[in-house]
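First up is the structure itself, then whatever we jot down about it.
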Amino acid sequence: MCTGSPSSNGSEEGSSASDQQPQQEVQEAEQPSTRTTHAVVPAATSEEILAEYGSNLKLLECNSQVAELLTILRDKNTTRSDFKFYADRLIRLVIEESLNQLPYTHCDVETPTGAIYEGLKYRSGNCGVSIIRSGEAMEQGLRDCCRSIRIGKILVESDANTHEARVVYARFPDDIGSRQVLLMYPIMSTGNTVLQAVNVLREHGVPESCIILSNLFCTPMAARTVVNAFPKLKILTSELHPVAPNHFGQKYFGTD
């Protein structure tokens, strides 16, 4: 697990709906962080993560490349163009690893030389769902890996005082109940937004075990909240850290 010294502050990004819905600005359900200084803590071992969160929470391997990307994205001096470039790199890594969590089936193909190659292929019926607005930053990374994949959208807003989340818009493929779903949301501070999004997917017939949450930054509190509520849901994130970089959406889309 990657850990580092946090320096981010500010509230979660406002969410705007897509072209198919009324344009509006809403505050997402994650609670804003405050300027806080935390000591660097040792990386948790795989055994500690398994004991605390269970086997369905997986961390992207924190090699030097990933650690550098996390550092750049948290640095207040990073320009927007650099921020978007390096965010897209991290998104691609997370999406690639998320795809590894999808079910595969064995298949044989014939090579140009006439040999038979024993390989793998995705089982049919995968789709993506982004939580507007910050989740839309991850859509292109998914399309770069899965050219023709269908992507739905969920818009969640929260009460300014209570931070209670509610879904105000959802658009999915008609047969989403029979698909594996990659739910895309880059920042989890409390987990409230994800809880509401998963509830809507379940209402549309998607089994909890068929949802994979693709996430960039997650706090331990949010991880515990989501894991306790949905123990069969799979989570793939690049970092567990007590402070989430809640400036992500504003900086990525240039609205800060």
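Identifiers in this document derive from the order of the structure tokens: chains are assigned A, B, ..., residues are numbered from 1 separately in each chain, and ligands are numbered from 1 in order of occurrence.
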
Write out, as a tab-separated table, each residue of stretch 182-209 of chain A that has an atom at most 10 Å from stretch 93-102 of chain A, together with the closest pair of atoms and their distance in Å to one decimal, counting only C-alpha atoms, rows going by chain and rising number.
residue	atom	partner	partner_atom	distance
A:Leu182	CA	A:Ser98	CA	7.7
A:Leu183	CA	A:Ser98	CA	9.9
A:Met184	CA	A:Ile95	CA	9.0
A:Pro186	CA	A:Val94	CA	9.8

**OP:** Within stretch 6-255 of chain A, find each residue whose DSSP state, derived from the backbone, is strand (DSSP E or B), and express the selection as a ChimeraX atom specification.
**Re:** /A:10,14-15,26-27,33,57-59,104-110,116-122,126-132,150-158,165-171,180-184,187-188,211-214,217-218,234-237,239-240

Could you list, with a cut-off of 9 Å and counting only C-alpha atoms, the residues of stretch 44-155 of chain A near stretch 192-199 of chain A, each shown with its nearest atom pair and the distance in Å rounded to one decimal, rows sorted by chain and ascending number, as CSV?
residue,atom,partner,partner_atom,distance
A:Ile131,CA,A:Ala197,CA,7.5
A:Ile154,CA,A:Ala197,CA,6.8
A:Leu155,CA,A:Ala197,CA,8.3

Original post:
stretch 53-123 of chain A: which residues are alpha helix (DSSP H) by DSSP, as a PyMOL selection string?
Top reply: chain A and resi 53+64-74+80-99

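When only C-alpha atoms are used to measure the gap to A:Asn126, the shortest distance among A:Val109, A:Ile235, A:Val181, A:Ala244 belongs to A:Val181.
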
Subject >> Spatial neighbours of A:Thr105, 12 Å, only C-alpha atoms, chain gap at least 5 places, as a ChimeraX atom specification >> reply: /A:118-124

If we count only C-alpha atoms and set the cut-off at 9 Å, which residues sit around A:Arg92, ignoring sequence neighbours fewer than 5 positions away in its own chain? Please answer as a short mmCIF file (atom, residue, chain, number, x, y, z; two decimals) with all heavy atoms, in the first residue's frame.
data_model
loop_
_atom_site.label_atom_id
_atom_site.label_comp_id
_atom_site.auth_asym_id
_atom_site.auth_seq_id
_atom_site.Cartn_x
_atom_site.Cartn_y
_atom_site.Cartn_z
N ALA A 87 -2.84 12.03 -13.87
CA ALA A 87 -4.07 11.39 -13.41
C ALA A 87 -4.52 10.34 -14.41
O ALA A 87 -4.93 9.23 -14.03
CB ALA A 87 -5.17 12.43 -13.21
N GLU A 97 -5.95 -2.99 -13.82
CA GLU A 97 -6.00 -3.96 -12.73
C GLU A 97 -7.45 -4.33 -12.38
O GLU A 97 -7.73 -5.47 -12.01
CB GLU A 97 -5.29 -3.41 -11.49
CG GLU A 97 -5.14 -4.40 -10.36
CD GLU A 97 -4.40 -5.67 -10.77
OE1 GLU A 97 -3.49 -5.59 -11.62
OE2 GLU A 97 -4.76 -6.75 -10.24
N MET A 138 -12.66 8.87 -15.48
CA MET A 138 -12.13 7.52 -15.67
C MET A 138 -12.71 6.83 -16.89
O MET A 138 -12.27 5.73 -17.26
CB MET A 138 -12.40 6.68 -14.41
CG MET A 138 -11.84 7.29 -13.14
SD MET A 138 -12.18 6.34 -11.64
CE MET A 138 -11.02 4.97 -11.86
N GLN A 140 -12.60 7.53 -20.18
CA GLN A 140 -11.72 7.35 -21.34
C GLN A 140 -10.71 6.24 -21.09
O GLN A 140 -10.38 5.48 -22.00
CB GLN A 140 -10.99 8.66 -21.66
CG GLN A 140 -10.22 8.61 -22.99
CD GLN A 140 -11.12 8.28 -24.16
OE1 GLN A 140 -12.17 8.90 -24.35
NE2 GLN A 140 -10.73 7.30 -24.97
N GLY A 141 -10.24 6.13 -19.86
CA GLY A 141 -9.32 5.05 -19.54
C GLY A 141 -9.95 3.69 -19.76
O GLY A 141 -9.29 2.76 -20.25
N LEU A 142 -11.24 3.55 -19.42
CA LEU A 142 -11.93 2.29 -19.66
C LEU A 142 -12.14 2.05 -21.15
O LEU A 142 -11.94 0.93 -21.64
CB LEU A 142 -13.27 2.30 -18.93
CG LEU A 142 -14.14 1.04 -19.09
CD1 LEU A 142 -13.40 -0.20 -18.63
CD2 LEU A 142 -15.46 1.21 -18.32
N ASP A 144 -10.28 3.15 -23.53
CA ASP A 144 -8.98 2.84 -24.14
C ASP A 144 -8.65 1.36 -24.00
O ASP A 144 -7.89 0.80 -24.81
CB ASP A 144 -7.87 3.67 -23.48
CG ASP A 144 -7.94 5.13 -23.88
OD1 ASP A 144 -8.60 5.45 -24.89
OD2 ASP A 144 -7.34 5.96 -23.16
N CYS A 145 -9.18 0.73 -22.96
CA CYS A 145 -8.91 -0.70 -22.73
C CYS A 145 -9.99 -1.59 -23.35
O CYS A 145 -9.69 -2.72 -23.77
CB CYS A 145 -8.83 -0.99 -21.24
SG CYS A 145 -7.49 -0.13 -20.37
#

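Nearest residue to A:Glu52, choosing from A:Ile176, A:Ala137, A:Ile132, A:Ala223 and counting only C-alpha atoms: A:Ala223.
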
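Among the candidates A:Ile91, A:Val226, A:Cys218, A:Leu73, the residue lying nearest to A:Lys251 is A:Leu73 (atoms considered: only C-alpha atoms).
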
**OP:** Write out as a ChimeraX atom specification each polymer residue whose atoms come within 9 Å of A:Thr219, counting only C-alpha atoms; drop sequence neighbours fewer than 2 positions from it.
**Re:** /A:187-191,217,221-224,239-244

Original post:
To one decimal place, how far is atom CA of A:Ser238 from atom CA of A:Gly125 in Å?
Top reply: 25.7 Å

Original post:
A:Arg150: which residues within 8 Å, counting only C-alpha atoms, same-chain residues fewer than 6 positions away excluded, as a list in words?
Top reply: Asn126, Cys127, Gly128 and Pro173 of chain A

Any chance you can output those residues with N, CA and C atoms as a short mmCIF file (atom, residue, chain, number, x, y, z; two decimals), in the first residue's frame?
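Writing done, so here's result_5.cif:
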data_model
loop_
_atom_site.label_atom_id
_atom_site.label_comp_id
_atom_site.auth_asym_id
_atom_site.auth_seq_id
_atom_site.Cartn_x
_atom_site.Cartn_y
_atom_site.Cartn_z
N ASN A 126 -19.96 -7.13 -19.94
CA ASN A 126 -19.32 -6.18 -19.03
C ASN A 126 -19.76 -4.77 -19.40
N CYS A 127 -19.84 -3.89 -18.41
CA CYS A 127 -20.13 -2.49 -18.68
C CYS A 127 -19.52 -1.62 -17.59
N GLY A 128 -19.40 -0.34 -17.87
CA GLY A 128 -18.91 0.61 -16.89
C GLY A 128 -20.04 1.53 -16.43
N PRO A 173 -27.48 0.65 -19.22
CA PRO A 173 -27.95 -0.27 -20.27
C PRO A 173 -29.17 -1.05 -19.76
#

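Here atom CA of A:Val156 and atom CA of A:Asn215 stand 16.5 Å from one another.
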